[in-house]
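Right, one structure below, let's go through it.
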Protein chains: 2
Amino acid sequence: MLRRTAPRAFSAAAGSLRGLPLDGTTINENVKSAKYAVRGAVLERSMELQRRMAAGEKLPFDTIVPCNIGNPHACMQLPLSFHREVLSLCISPTLASDLPDVFKKDVVDRAKAYAAGLGGGVGAYTNSQGIPAVREEIAAFITERDGHPARADRIYLTNGASEGVRILLTCLLRSGGLKDGLLTPIPQYPLYSASLTLLGGTLVPYHLSEGGNWGVEMDNLRESLATARAGGVEVRGIAVINPGNPTGNILAEKQIKDIIDMAVEEKLVVLADEVYQSNIWKKDASFSSFKKVACDMGYTGEEGDERLQLVSFHSTSKGYYGECGLRGGYMEVHGIGAEVRAELYKLSSLSLCSNTIGQLATGIMINPPKKGDPSYDTFTKERDDILSSLKRRSDMVHKALNSMEGVTCNQADGALYAFPRIRLSNKAKKAAEAKGVPADEFYCLEILDQSGIVLVPGSGFGQEEGTLHFRTTFLPAEETMHETLKRLSVAHEKFMDEHRD
Amino acid sequence: MLRRTAPRAFSAAAGSLRGLPLDGTTINENVKSAKYAVRGAVLERSMELQRRMAAGEKLPFDTIVPCNIGNPHACMQLPLSFHREVLSLCISPTLASDLPDVFKKDVVDRAKAYAAGLGGGVGAYTNSQGIPAVREEIAAFITERDGHPARADRIYLTNGASEGVRILLTCLLRSGGLKDGLLTPIPQYPLYSASLTLLGGTLVPYHLSEGGNWGVEMDNLRESLATARAGGVEVRGIAVINPGNPTGNILAEKQIKDIIDMAVEEKLVVLADEVYQSNIWKKDASFSSFKKVACDMGYTGEEGDERLQLVSFHSTSKGYYGECGLRGGYMEVHGIGAEVRAELYKLSSLSLCSNTIGQLATGIMINPPKKGDPSYDTFTKERDDILSSLKRRSDMVHKALNSMEGVTCNQADGALYAFPRIRLSNKAKKAAEAKGVPADEFYCLEILDQSGIVLVPGSGFGQEEGTLHFRTTFLPAEETMHETLKRLSVAHEKFMDEHRD
């Protein structure tokens, strides 16, 4: 059956790679080039400091304060009782019958409903697109949120929103030397820049307007598109983060409408990153989804209506749940035809399915207890406590930042971050240059060494040439916030004093 | 700050894509070309039949039997009590104090230990490489299994083994028109072929020997390598699945040694897919890891010893746990230098971290209760019941297959599958051709329509030219196995009778 002759392998050919089979010279260059600052050099240093503290070294602070990443539970935010209880019962279904008085009826009922939808429990692979019952829940949530119908077969459950973005970009960005590009806001969440580099795509920047509270300026957006096209880039889509990360900007419906108009006219797929949709701080502001505005405009997305192609992303990691570790999320496709939907399904099926606990957490997130349910009062209190505390913390952080020398910061209307601009002296810039690091990274490293507070340099998100920023979350526990901001101010003042021109 | 001039976008350029922004003509061709048969046409048909049955249609069977995928819990295999109880407590830590008499001490202790290692509980992002405490557990497990030291910093926790394979191949396969290839067994698990297509790599097949119980033949392997190199492929690594999927072959240490010798000599990274290491059925056979044999041979993998570069994959989905839905797994790298390890870390951090429940499930899997622990007896009974039942089912399936006309099947020494060869008549082959499907797929579709049993055509895994196979799991519940095999035999007989030349 097999040919049994055995010519010697051409061992000489083994030497055509200069390095080892897999080392810094033979690794995929796109991997090397990708940057992901949220977990970059400043975080590395903070981990080193943590180790040194654990080993008994005396540093100018007692704790490392992780303001580098939107990770609420790491900052002592508590999970929601209803959500976790349902998940416990899904993992150990017999707890409900063993302990009939422990769990409220709506907890038990929800766990039972999921068990029926799961078949083999949480230990079985699900449909690659996600548990049908959960997709039905999500469709009902979107329908109610937007006032327009949503369909379960257009929803794909994913390990966090990041996986959805990866799958969608894998479909969108063609290989083989084509210069496919994505319009990406600057500043942006570096998942987009890193994914583009990794997939061989081109980042087409459109600068948000710091003077206009980080809003999108259409003239500027169209200019970016034109410039990229003139340079031979095939611009395939536009990423929008709303509410903004790191900016906190909330798009008005008019702005969303303008972006949709342009996407239709210019044949761009819209990637709407809407993971902060429950984090709205500005009084009287509200979140409008791209899907809602699209449907208002008459782009139904129904079979045959592919004039607007839109993919929206959501996650369990943010909002008031902050369930980052469970890696739950979904994407909803709109105006995407059956052939591409089948390809998205195939890509999902390559990793079999997203994790079941994350899928269920997504269902519970968008379908929490309702008025009259036994768990409703506890749920609303827990939710409101978290949201009102986040609002207070946001105000504290912005006030403190704007009182610091050389720092100005737009108020974040939504999301979990402040993105202040910092003005550093020439002396500071030269000190950074001498160390071979960007000035904003130098600043963040110095602040870390002084205060233990982990910030992310603005260069990790992108910033207007000649400007410097950093991103901080406002997630440290409220009772520690005053102290944290004090530490930051003192460290900042020290930095400014030491680097005066 | 921004230029305010607004030239009109070159809208004409928007037309350079022939189709819609994202449709079957504009999607990444590599996505379209990738095939993943485990969830392909036969499964699609089974889902359609399921819908028709649910709608009341009368079919020749009452149930769909999913033999297409190694998904034990979907076939009524129960989870292990200790494992699930620990996870419940990790999700709802207060249950332990609320209900002091419900959980055994070792369950509570383990959950507490994980809580200490997690910091923010299961809701917080972990270190991108995985929870340090779990990586320490895994390192201890590997050290004990192999008799050679393992290190926590060489272990990366992943969402199932699939994600590890994706991350590693993303590093290994360079873009930019290079013809980077991976030696891949035929038959193989289609994750490898699909990932290679997706990443623009080249599958370099090496045929396993059906006559030699699906073992690896070194002459054949070297010939494949030579042929590929002569054709201009830069062969970067070799994938080995041990125990084999779909073949069930267990590699002897001598064979592993030969493969390692070749990998060192030919500068190939070894990808050792060892997810079935706890599924060993052959009397007196045992599993040897590539890592163990490599260390026995003196390839320490320590910093500076990169002569052999090896990456091993493991998963919670198989073994006796079958926790597919939780998406737990890890990869261990050996002889991979710090620069590449940092890149693997960066790729992991792009999706923040793998899901925490899957991470903890991985820890519990490789560190189950020990003799003397309160949960030990229950654990060993549950484990042994599952393994002995799987062994009996494996025997039933192989006996039934080999008694069917035109079917021969090597006994699976390990893993969860049988991969019989089927000999079909010319009439059957012509009928398939008339329908435009491969003959093995035609056979599987006909068997499905008759019996409700979902098989996977051999072409999905690859097979020697001119031969036909299918893969079946032996996972249907033991009490239903006799009936299932009867249905299969009857459907097979009918097919053979109807297609006699």
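Chain lettering (A, B, ...) mirrors the order of the structure tokens, residue numbering begins at 1 for each chain separately, and ligand numbering begins at 1 in order of display.
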
Neighbours of Val270 in chain B within 10 Å (only C-alpha atoms; same-chain residues fewer than 3 positions away dropped), as a VMD selection string? (chain A and resid 21) or (chain B and resid 182 to 183 236 to 240 259 to 260 263 to 264 267 273 290 308 to 312 333 to 334)

Which residues are close to Leu424 in chain A, i.e. within 10 Å by only C-alpha atoms, leaving aside same-chain residues fewer than 6 positions away? Reply as a PyMOL selection string. chain A and resi 405-407+439-440+443+467-468+495-496+499-501

CA of Arg383 in chain A to CA of Ser278 in chain A measures 10.6 Å

Excluding Pro246 in chain A and any residue of its chain fewer than 5 positions from it, enumerate the residues within 10 Å of it, using only C-alpha atoms, and give them as a list in words. Ile186, Pro187, Gln188, Tyr189, Pro190, Trp214, Ile241, Ala412, Gly414, Ala415, Leu416, Tyr417, Ala418, Phe419, Pro420, Gly458, Phe461, Phe470, Arg471, Thr472 and Thr473 of chain A

With distances taken over only C-alpha atoms, which residue among B:Glu479, B:Asp62, B:Glu498, B:Asp305 lies nearest chain A?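 Selected residue with least distance to chain A: B:Asp305.
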
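Residues in contact with Ser349 in chain B at up to 12 Å, not including ones fewer than 5 positions away on its chain and judged by only C-alpha atoms, are A:Ala34, A:Lys35, A:Tyr36, A:Ala37, A:Val38, A:Arg39, A:Gly40, A:Leu43, A:Ile69, A:Ser162, A:Glu163, A:Pro190, A:Leu191, A:Ala194, A:Ser195, B:Tyr125, B:Thr126, B:Asn127, B:Ser128, B:Gln129, B:Gly130, B:Tyr156, B:Leu157, B:Thr158, B:Ile167, B:Ala342, B:Glu343, B:Leu344, B:Ser354.
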
All strand (DSSP E) residues (DSSP, backbone) inside range 156-258 of chain A, as a list in words: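 Taking range 156-258 of chain A and keeping strand (DSSP E) gives Tyr156, Leu157, Asp180, Gly181, Leu182, Leu183, Thr184, Pro185, Ile186, Thr202, Leu203, Val204, Pro205, Tyr206, His207, Glu234, Val235, Arg236, Gly237, Ile238, Ala239, Val240 and Ile241 of chain A.
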
Keeping only N, CA and C atoms, write those residues as a tab-separated table (two decimals), in the first residue's frame.
chain	number	residue	atom	x	y	z
A	156	TYR	N	-23.16	34.45	17.39
A	156	TYR	CA	-22.08	33.47	17.61
A	156	TYR	C	-21.49	33.73	18.98
A	157	LEU	N	-21.57	32.74	19.85
A	157	LEU	CA	-20.96	32.90	21.18
A	157	LEU	C	-19.46	32.66	21.08
A	180	ASP	N	-4.96	44.54	2.47
A	180	ASP	CA	-6.29	44.75	3.04
A	180	ASP	C	-6.15	45.55	4.33
A	181	GLY	N	-6.99	46.55	4.48
A	181	GLY	CA	-6.87	47.41	5.65
A	181	GLY	C	-8.16	47.58	6.42
A	182	LEU	N	-8.01	48.05	7.64
A	182	LEU	CA	-9.16	48.31	8.52
A	182	LEU	C	-9.01	49.72	9.10
A	183	LEU	N	-10.03	50.55	8.90
A	183	LEU	CA	-10.05	51.85	9.56
A	183	LEU	C	-10.17	51.62	11.06
A	184	THR	N	-9.24	52.18	11.79
A	184	THR	CA	-9.14	51.90	13.23
A	184	THR	C	-8.98	53.23	13.96
A	185	PRO	N	-9.78	53.44	15.00
A	185	PRO	CA	-9.65	54.72	15.71
A	185	PRO	C	-8.30	54.83	16.39
A	186	ILE	N	-7.82	56.04	16.48
A	186	ILE	CA	-6.61	56.33	17.26
A	186	ILE	C	-6.98	57.43	18.23
A	202	THR	N	-3.51	45.90	7.24
A	202	THR	CA	-2.96	47.24	7.39
A	202	THR	C	-3.88	48.07	8.28
A	203	LEU	N	-3.28	48.67	9.29
A	203	LEU	CA	-4.07	49.55	10.13
A	203	LEU	C	-4.19	50.91	9.44
A	204	VAL	N	-5.42	51.32	9.17
A	204	VAL	CA	-5.68	52.63	8.58
A	204	VAL	C	-6.21	53.51	9.70
A	205	PRO	N	-5.36	54.41	10.22
A	205	PRO	CA	-5.76	55.16	11.40
A	205	PRO	C	-6.74	56.29	11.09
A	206	TYR	N	-7.74	56.46	11.94
A	206	TYR	CA	-8.50	57.73	11.91
A	206	TYR	C	-8.47	58.29	13.32
A	207	HIS	N	-8.00	59.53	13.38
A	207	HIS	CA	-7.76	60.12	14.70
A	207	HIS	C	-9.05	60.66	15.29
A	234	GLU	N	-6.49	48.32	0.22
A	234	GLU	CA	-7.88	47.95	-0.01
A	234	GLU	C	-8.58	48.00	1.35
A	235	VAL	N	-9.26	49.08	1.63
A	235	VAL	CA	-9.86	49.25	2.95
A	235	VAL	C	-11.15	48.43	3.01
A	236	ARG	N	-11.19	47.46	3.91
A	236	ARG	CA	-12.29	46.48	3.94
A	236	ARG	C	-13.33	46.78	5.00
A	237	GLY	N	-12.95	47.54	6.01
A	237	GLY	CA	-13.91	47.74	7.09
A	237	GLY	C	-13.49	48.87	8.00
A	238	ILE	N	-14.35	49.14	8.96
A	238	ILE	CA	-14.06	50.17	9.96
A	238	ILE	C	-14.41	49.65	11.35
A	239	ALA	N	-13.47	49.78	12.26
A	239	ALA	CA	-13.72	49.42	13.65
A	239	ALA	C	-14.15	50.66	14.42
A	240	VAL	N	-15.18	50.51	15.21
A	240	VAL	CA	-15.64	51.60	16.08
A	240	VAL	C	-15.80	51.02	17.48
A	241	ILE	N	-15.26	51.72	18.45
A	241	ILE	CA	-15.40	51.27	19.84
A	241	ILE	C	-16.32	52.26	20.54

Could you pull out the helix (DSSP H, G or I) residues of range 216-464 of chain B, going by DSSP on the backbone, and write them as a PyMOL selection string? chain B and resi 218-230+253-266+290-296+338-350+356-366+376-402+426-435+439-451+458-460

Among listed residues A:Ala113, A:Ile64, A:Ala252, A:Leu196, nearest Gly215 in chain A (using only C-alpha atoms):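 When distances to Gly215 in chain A are compared using only C-alpha atoms, the smallest one comes from A:Ala252.
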